[in-house]
Each structure stands twice: as C-alpha cells, then as structure tokens.
Amino acid sequence: MPGPPSILIDRFGRRVDYVRLSVTDRCDFRCVYCMAEEMTFVPKAQVLTLEEHFQLAQAFTGLGVGKIRLTGGEPLIRNDVLSLVKRLGQLPALHQLVLTTNGSQLQRMALKLRQYGVKRINISLDSLQPRRFRQLTRHGNLDQVLAGIETATAAGFERIRLNAVILKGRNEDEVLDLVDFAFRKGIDIAFIEEMPLGRIVEHDRALSFCSSEELRTLIAGRYRMHPLGDPDADAGPARYFSLPGSTTRVGFISPHSHNFCHLCNRVRVTAEGRLLLCLGNEHSVDLRAVLRSPGYTPDLLKRTIVAAMAIKPERHHFSNEGEAEIVRFMNTTGG
Ligand code: SAM
Ligand code: SF4
C-alpha cells in the first residue's frame, strides 16, 4: 500500500501546516470571557501524556506541519512541560515552535523556553490596573505577569505579542494604555474580538462586544497607523498595522467583522487528543483513541490525520448575538 500523502490539504484546497496543541485544559486563572468561576476539568487519565503529545507532533511534522503552538488552558502549568518543549525544539522539520501563555510562570520559565527553541510567544494582558486585572482573571496577579513580560523581553524571543480581549464597560478605557505599554516595550499587541465559546454568566457577550473597527479608530486618534497588508499564513488571522518610529505592530483579530476562514491553515488538538478541524465548529476526530489503540503505529496516526482533512469545514458561523453556539470553552481549544 502506498504511504499517506506527505502534506495536509483539505477539500477546499487549503494547505494545513500549523497545529495548535493544547497541553492542558487547566489554568491558574479564570478569565471572565474564557471560563466559568467553577469549572470541571478533564480527569488526568484522559489528558494526553507528554509522550503522546510528542507522538502527535512527530506525526504532524511528518505531514508537512512546520509550525506548532503550545497552548491550553495555561500550558506553563502542565507538569514538566519544559521536557516536551525541549524535545519539540529538536524536531528538525519544525521551523516555528511558539507558545501562548497568561504570563504567570514566565519569570521562572522564559529563559528556558527560549533556550529550548521557542521562537515567539503571545502573552495575554487585558489590564494594567492591579485590581481590575484581578477581577478580569479572577485569580491573576498583575505584578507577577508584568515581571514575566520583563523576563521574556530580555530572553531574546524573535517576537513577543500581547493579546488583549476588550470588553465594553470593563476595560475599554485601557486600550490606549495597553498600546502605549507595548510601544514602550517595543513588542506587538493584538486585540481579539470576544468569541462565543462556552456559556458564561458574568457578562452578556452581545453588550460587552467591542469591534476591531471601534478600537482601530480609537488608536488612530493617538498613533499614525500604517496597514501591513492583508492577513497571510504567517500573520494568521490578525490584520497588522505598524506604528512609525517603532518596531511595535498593532493587530486586530476579528472573527465577527472579518471572516478569515478562506486563509485558514490550522487545526487544533485538545488536551484529550481531539483533533478539531475548526475553532467555530464541532467537527473532530479522536486521536487519543488511535494513540491508545492496540494496533497503534505512527503510520496509522498519520493516515487518520490525513483522512480528517475531508471534514474540515469551510467556515465558522460566529455571530455577535451573544449566545454561545459552541458549548466548549476556549480553555479546551487554546484559542
Ligand atoms: N492561558 C493562555 C493565555 O491566556 O494566553 C493560553 C490559552 S487562552 C485560551 C488563548 C487566548 O484566547 C488568550 O489570549 C485569551 O485571551 C483568548 N480567549 C479566551 N477566551 C476567549 C473568548 N471567548 N474570545 C476571544 N478570545 C478568548
Ligand atoms: Fe486561563 Fe488563558 Fe483562559 Fe485566561 S484565557 S482562563 S489564562 S486559559
């Protein structure tokens, strides 16, 4: 029998070369737009082992995937995650190992992450006010995260990007402060429109929604912003603007107002090993069942992944009606 194809292409002709691996659904924060206050997490036995995550990474890179993002929950609270990072950093076909974190562990881990081959990191930061930061994250400590950002900026990553979710009535008055902060540090910042993932009770998503367009207009009142062209595979769904006189780029991720599905080059794997073909749909394939089956071989895993491309949906159907259309929370998929 011929081997599986060596690259991943879906039925709409989109090449998939980017995978986001969620290494845990757990988190030390409970951000109001991401999680409920009381969460039930996946029992540990159902979460992939670090070895299984590595096997997945080997299969994907063997299928032409050159970029892997580790995410969560909070990836840096996964026990011994650095050992996985170190092994991933040594995969020859992996050109871009990147990470998204809430920053709480960066003070002690940033240097090792860089040393083990992480090229870029995204750090979530929604407020620069300690009390408000605590309210938005429910458990977070702003000083700890700011110290983590400081360590990360000194660690020599190729790029650091702050991620901010802006909610009307909660932190919309901090948009310019957050841009000023990124500007001073010479790092990027992206504003992400809130997505209807998981049922939350603390705010009505429709009322709190801030569109990228509103934010862009606000920022343009202070900074000259130069558009950097349409999103591409490298930028992902973010539309970036440069700020003249600095290396800082301001990005907008707008699943509501700009549909970027035609450019989609990514799939996600949940902490339990469910391959999700689209953030905004439930189409998935259970890769853990393959990894733990008596007949497991690396080739079988690759064939399963190739076959899954046939069910990658054409587009998501997010609206800003406020209702969660997707019942899973963002911490299961890692954004
Ligand atoms: N814990 C890490 C962090 O906070 O960066 C990684 C996982 S978190 C789910 C990844 C990103 O998703 C964060 O930047 C977070 O702000 C964003 N996010 C979470 N829930 C969201 C939602 N409902 N809509 C839009 N972005 C969301
Ligand atoms: Fe945790 Fe990240 Fe979700 Fe906040 S956004 S609760 S830090 S997973």
# chains A, B, ... in the order shown; residues from 1 in each chain; ligands from 1
>>> residues_around(residues="Phe12 (chain A)", least_positions_apart="5", cutoff="10 Å", atoms="only C-alpha atoms", output="list in words")
His262, Met309, Ala310, Lys312, Pro313 and Glu314 of chain A
>>> residues_near_ligand(ligand="ligand 1", cutoff="7 Å", atoms="only C-alpha atoms and all ligand atoms", output="list in words")
Cys27, Tyr33, Cys34, Thr71, Gly72, Gly73, Glu74, Pro75, Thr100, Thr101, Asn102, Asn122, Ile123, Ser124, Asn163, Ala164, Val165, Ile192, Glu193, Glu194, Met195, Pro196, Leu197, Met330, Asn331, Thr333, Gly334 and Gly335 of chain A
>>> residues_around(residues="region 66-69 of chain A", least_positions_apart="2", cutoff="7 Å", atoms="only C-alpha atoms", output="VMD selection string")
chain A and resid 17 to 21 61 64 71 93 to 99
>>> atom_distance(atom1="CA of Ile160 (chain A)", atom2="CA of Glu213 (chain A)")
23.3 Å
>>> select_by_dssp(residues="region 31-94 of chain A", states="helix (DSSP H, G or I)", output="list in words")
Lys44, Ala45, Gln46, Leu50, Glu51, Glu52, His53, Phe54, Gln55, Leu56, Ala57, Gln58, Ala59, Phe60, Thr61, Gly62, Pro75, Leu76, Ile77, Val81, Leu82, Ser83, Leu84, Val85, Lys86, Arg87, Leu88 and Gly89 of chain A
>>> residues_around(residues="Phe41 (chain A)", least_positions_apart="2", cutoff="12 Å", atoms="only C-alpha atoms", output="VMD selection string")
chain A and resid 24 to 27 35 to 36 38 to 39 43 to 47 72 to 73 271 to 272 328 to 329 331 to 332
>>> write_last_selection(atoms="N, CA, C and O atoms", output="mmCIF file, in the first residue's frame")
data_model
loop_
_atom_site.group_PDB
_atom_site.id
_atom_site.type_symbol
_atom_site.label_atom_id
_atom_site.label_comp_id
_atom_site.auth_asym_id
_atom_site.auth_seq_id
_atom_site.Cartn_x
_atom_site.Cartn_y
_atom_site.Cartn_z
ATOM 1 N N THR A 24 -2.920 21.236 28.237
ATOM 2 C CA THR A 24 -3.743 21.050 29.431
ATOM 3 C C THR A 24 -4.992 21.900 29.284
ATOM 4 O O THR A 24 -4.956 22.939 28.621
ATOM 5 N N ASP A 25 -6.095 21.481 29.889
ATOM 6 C CA ASP A 25 -7.283 22.350 29.891
ATOM 7 C C ASP A 25 -7.324 23.166 31.186
ATOM 8 O O ASP A 25 -8.180 24.012 31.369
ATOM 9 N N ARG A 26 -6.382 22.884 32.101
ATOM 10 C CA ARG A 26 -6.392 23.561 33.399
ATOM 11 C C ARG A 26 -5.706 24.915 33.327
ATOM 12 O O ARG A 26 -4.902 25.156 32.437
ATOM 13 N N CYS A 27 -6.004 25.751 34.320
ATOM 14 C CA CYS A 27 -5.413 27.083 34.305
ATOM 15 C C CYS A 27 -5.371 27.625 35.716
ATOM 16 O O CYS A 27 -6.221 27.290 36.541
ATOM 17 N N MET A 35 -13.644 31.332 30.971
ATOM 18 C CA MET A 35 -14.070 30.231 31.836
ATOM 19 C C MET A 35 -15.168 30.681 32.785
ATOM 20 O O MET A 35 -15.295 31.869 33.088
ATOM 21 N N ALA A 36 -15.894 29.690 33.289
ATOM 22 C CA ALA A 36 -16.804 29.965 34.393
ATOM 23 C C ALA A 36 -15.978 29.958 35.676
ATOM 24 O O ALA A 36 -14.836 29.486 35.680
ATOM 25 N N GLU A 38 -16.530 28.271 38.447
ATOM 26 C CA GLU A 38 -16.379 26.866 38.835
ATOM 27 C C GLU A 38 -16.276 26.052 37.555
ATOM 28 O O GLU A 38 -17.207 26.050 36.762
ATOM 29 N N MET A 39 -15.187 25.384 37.388
ATOM 30 C CA MET A 39 -15.006 24.596 36.160
ATOM 31 C C MET A 39 -14.778 23.136 36.514
ATOM 32 O O MET A 39 -14.163 22.829 37.528
ATOM 33 N N PRO A 43 -10.547 14.626 33.671
ATOM 34 C CA PRO A 43 -9.735 13.805 34.567
ATOM 35 C C PRO A 43 -8.359 13.555 33.945
ATOM 36 O O PRO A 43 -8.246 13.396 32.725
ATOM 37 N N LYS A 44 -7.335 13.518 34.809
ATOM 38 C CA LYS A 44 -5.950 13.475 34.287
ATOM 39 C C LYS A 44 -5.703 12.288 33.360
ATOM 40 O O LYS A 44 -4.983 12.403 32.370
ATOM 41 N N ALA A 45 -6.347 11.141 33.670
ATOM 42 C CA ALA A 45 -6.088 9.935 32.861
ATOM 43 C C ALA A 45 -6.555 10.136 31.418
ATOM 44 O O ALA A 45 -6.104 9.441 30.510
ATOM 45 N N GLN A 46 -7.487 11.090 31.233
ATOM 46 C CA GLN A 46 -7.995 11.301 29.873
ATOM 47 C C GLN A 46 -7.181 12.330 29.091
ATOM 48 O O GLN A 46 -7.384 12.521 27.892
ATOM 49 N N VAL A 47 -6.296 13.018 29.803
ATOM 50 C CA VAL A 47 -5.460 14.016 29.131
ATOM 51 C C VAL A 47 -4.263 13.289 28.511
ATOM 52 O O VAL A 47 -3.719 12.353 29.099
ATOM 53 N N GLY A 72 -3.302 26.215 25.909
ATOM 54 C CA GLY A 72 -4.035 25.485 26.942
ATOM 55 C C GLY A 72 -5.458 25.999 27.009
ATOM 56 O O GLY A 72 -5.948 26.555 26.014
ATOM 57 N N GLY A 73 -6.008 25.945 28.145
ATOM 58 C CA GLY A 73 -5.571 26.216 29.498
ATOM 59 C C GLY A 73 -4.251 26.973 29.532
ATOM 60 O O GLY A 73 -3.899 27.644 28.584
ATOM 61 N N ALA A 271 -6.567 18.977 24.801
ATOM 62 C CA ALA A 271 -5.716 18.258 25.768
ATOM 63 C C ALA A 271 -6.051 16.762 25.815
ATOM 64 O O ALA A 271 -5.203 15.945 26.147
ATOM 65 N N GLU A 272 -7.286 16.414 25.458
ATOM 66 C CA GLU A 272 -7.673 14.992 25.440
ATOM 67 C C GLU A 272 -7.353 14.312 24.116
ATOM 68 O O GLU A 272 -7.724 13.164 23.902
ATOM 69 N N ARG A 328 -18.173 24.223 24.036
ATOM 70 C CA ARG A 328 -16.895 24.053 24.715
ATOM 71 C C ARG A 328 -16.289 25.424 25.024
ATOM 72 O O ARG A 328 -16.482 26.390 24.297
ATOM 73 N N PHE A 329 -15.530 25.467 26.111
ATOM 74 C CA PHE A 329 -14.879 26.702 26.498
ATOM 75 C C PHE A 329 -13.557 26.838 25.742
ATOM 76 O O PHE A 329 -12.991 25.858 25.278
ATOM 77 N N ASN A 331 -10.707 27.300 26.894
ATOM 78 C CA ASN A 331 -9.557 26.620 27.504
ATOM 79 C C ASN A 331 -9.396 25.197 26.987
ATOM 80 O O ASN A 331 -8.359 24.588 27.146
ATOM 81 N N THR A 332 -10.439 24.642 26.360
ATOM 82 C CA THR A 332 -10.273 23.284 25.825
ATOM 83 C C THR A 332 -9.551 23.325 24.483
ATOM 84 O O THR A 332 -8.980 22.339 24.058
#
>>> select_by_dssp(residues="region 120-240 of chain A", states="strand (DSSP E)", output="list of chain:residue names")
A:Arg120, A:Ile121, A:Asn122, A:Ile123, A:Ser124, A:Arg159, A:Ile160, A:Arg161, A:Leu162, A:Asn163, A:Ala164, A:Val165, A:Asp188, A:Ile189, A:Ala190, A:Phe191, A:Ile192, A:His226, A:Pro227, A:Arg239, A:Tyr240
>>> closest_residue(among="A:Val290, A:Leu70, A:Ala182, A:Asn141", to="Val269 (chain A)", atoms="only C-alpha atoms")
A:Leu70
>>> closest_residue(among="A:Arg15, A:Arg161, A:His283, A:Lys119", to="Arg268 (chain A)", atoms="only C-alpha atoms")
A:His283
>>> residues_around(residues="region 223-229 of chain A", least_positions_apart="3", cutoff="9 Å", atoms="only C-alpha atoms", output="list in words")
Arg216, Ile219, Ala220, Asp232, Arg239, Tyr240, Phe241, Ser242, Leu243, Pro244, Arg249 and Val250 of chain A
>>> write_last_selection(atoms="all heavy atoms", output="tab-separated table (two decimals), in the first residue's frame")
chain	number	residue	atom	x	y	z
A	216	ARG	N	-9.68	50.29	16.41
A	216	ARG	CA	-8.72	50.84	15.45
A	216	ARG	C	-8.90	52.36	15.35
A	216	ARG	O	-7.95	53.12	15.34
A	216	ARG	CB	-8.90	50.19	14.08
A	216	ARG	CG	-7.68	50.32	13.18
A	216	ARG	CD	-7.95	49.77	11.80
A	216	ARG	NE	-9.12	50.39	11.16
A	216	ARG	CZ	-9.14	51.60	10.63
A	216	ARG	NH1	-8.05	52.33	10.62
A	216	ARG	NH2	-10.24	52.08	10.10
A	219	ILE	N	-7.41	54.03	18.42
A	219	ILE	CA	-5.94	54.03	18.44
A	219	ILE	C	-5.40	55.02	17.40
A	219	ILE	O	-4.42	55.73	17.64
A	219	ILE	CB	-5.37	52.61	18.21
A	219	ILE	CG1	-5.84	51.68	19.32
A	219	ILE	CG2	-3.84	52.63	18.15
A	219	ILE	CD1	-5.66	50.20	19.02
A	220	ALA	N	-6.11	55.11	16.26
A	220	ALA	CA	-5.67	56.02	15.19
A	220	ALA	C	-5.75	57.48	15.64
A	220	ALA	O	-5.09	58.35	15.07
A	220	ALA	CB	-6.51	55.80	13.93
A	232	ASP	N	-1.88	37.03	6.17
A	232	ASP	CA	-1.31	35.93	5.40
A	232	ASP	C	-1.07	34.77	6.34
A	232	ASP	O	-1.36	34.85	7.53
A	232	ASP	CB	-0.02	36.37	4.69
A	232	ASP	CG	1.01	36.88	5.69
A	232	ASP	OD1	0.99	36.43	6.84
A	232	ASP	OD2	1.82	37.74	5.31
A	239	ARG	N	-4.92	41.25	11.38
A	239	ARG	CA	-4.59	42.31	10.42
A	239	ARG	C	-3.69	43.28	11.17
A	239	ARG	O	-4.10	43.83	12.19
A	239	ARG	CB	-5.84	43.03	9.94
A	239	ARG	CG	-6.66	42.19	8.95
A	239	ARG	CD	-7.96	42.91	8.59
A	239	ARG	NE	-8.69	43.27	9.79
A	239	ARG	CZ	-9.21	44.46	10.03
A	239	ARG	NH1	-9.10	45.43	9.15
A	239	ARG	NH2	-9.86	44.70	11.15
A	240	TYR	N	-2.48	43.46	10.66
A	240	TYR	CA	-1.49	44.25	11.41
A	240	TYR	C	-1.31	45.65	10.84
A	240	TYR	O	-1.43	45.89	9.64
A	240	TYR	CB	-0.14	43.55	11.37
A	240	TYR	CG	0.01	42.45	12.40
A	240	TYR	CD1	0.04	41.11	12.02
A	240	TYR	CD2	0.11	42.75	13.76
A	240	TYR	CE1	0.18	40.10	12.96
A	240	TYR	CE2	0.25	41.75	14.70
A	240	TYR	CZ	0.29	40.44	14.30
A	240	TYR	OH	0.41	39.44	15.23
A	241	PHE	N	-0.96	46.56	11.76
A	241	PHE	CA	-0.59	47.93	11.41
A	241	PHE	C	0.74	48.23	12.09
A	241	PHE	O	0.93	47.81	13.24
A	241	PHE	CB	-1.63	48.93	11.92
A	241	PHE	CG	-2.97	48.78	11.26
A	241	PHE	CD1	-3.84	47.75	11.62
A	241	PHE	CD2	-3.37	49.67	10.26
A	241	PHE	CE1	-5.08	47.60	11.01
A	241	PHE	CE2	-4.60	49.53	9.64
A	241	PHE	CZ	-5.46	48.50	10.00
A	242	SER	N	1.65	48.91	11.39
A	242	SER	CA	2.88	49.30	12.07
A	242	SER	C	2.69	50.70	12.67
A	242	SER	O	1.83	51.47	12.21
A	242	SER	CB	4.05	49.30	11.09
A	242	SER	OG	3.82	50.24	10.07
A	243	LEU	N	3.44	50.98	13.70
A	243	LEU	CA	3.43	52.32	14.29
A	243	LEU	C	4.76	52.96	13.91
A	243	LEU	O	5.81	52.50	14.37
A	243	LEU	CB	3.30	52.25	15.81
A	243	LEU	CG	2.08	51.52	16.38
A	243	LEU	CD1	2.03	51.67	17.89
A	243	LEU	CD2	0.77	52.03	15.76
A	244	PRO	N	4.75	53.97	13.05
A	244	PRO	CA	6.01	54.57	12.59
A	244	PRO	C	6.90	54.95	13.77
A	244	PRO	O	6.41	55.40	14.80
A	244	PRO	CB	5.56	55.79	11.79
A	244	PRO	CG	4.17	55.43	11.33
A	244	PRO	CD	3.57	54.58	12.41
A	249	ARG	N	3.91	46.39	16.31
A	249	ARG	CA	2.78	46.27	15.37
A	249	ARG	C	1.51	46.09	16.19
A	249	ARG	O	1.52	45.44	17.23
A	249	ARG	CB	2.96	45.04	14.48
A	249	ARG	CG	4.24	45.07	13.66
A	249	ARG	CD	4.39	43.85	12.78
A	249	ARG	NE	4.23	42.61	13.52
A	249	ARG	CZ	4.09	41.41	12.94
A	249	ARG	NH1	4.07	41.30	11.63
A	249	ARG	NH2	3.96	40.32	13.67
A	250	VAL	N	0.45	46.70	15.70
A	250	VAL	CA	-0.84	46.53	16.38
A	250	VAL	C	-1.71	45.65	15.47
A	250	VAL	O	-1.88	45.96	14.29
A	250	VAL	CB	-1.54	47.89	16.61
A	250	VAL	CG1	-2.88	47.69	17.32
A	250	VAL	CG2	-0.65	48.80	17.44
>>> closest_residue(among="A:Ile149, A:Leu167, A:Val42, A:Val32", to="ligand 2", atoms="only C-alpha atoms and all ligand atoms")
A:Val32
>>> atom_distance(atom1="CA of Leu207 (chain A)", atom2="CA of Lys168 (chain A)")
7.2 Å
>>> residues_around(residues="Lys185 (chain A)", least_positions_apart="2", cutoff="12 Å", atoms="only C-alpha atoms", output="list in words")
Leu146, Ile149, Glu150, Thr151, Ala152, Thr153, Ala154, Arg159, Ile160, Arg161, Leu162, Leu178, Val179, Asp180, Phe181, Ala182, Phe183, Ile187, Asp188, Ile189, Ser246, Thr247, Thr248 and Arg249 of chain A
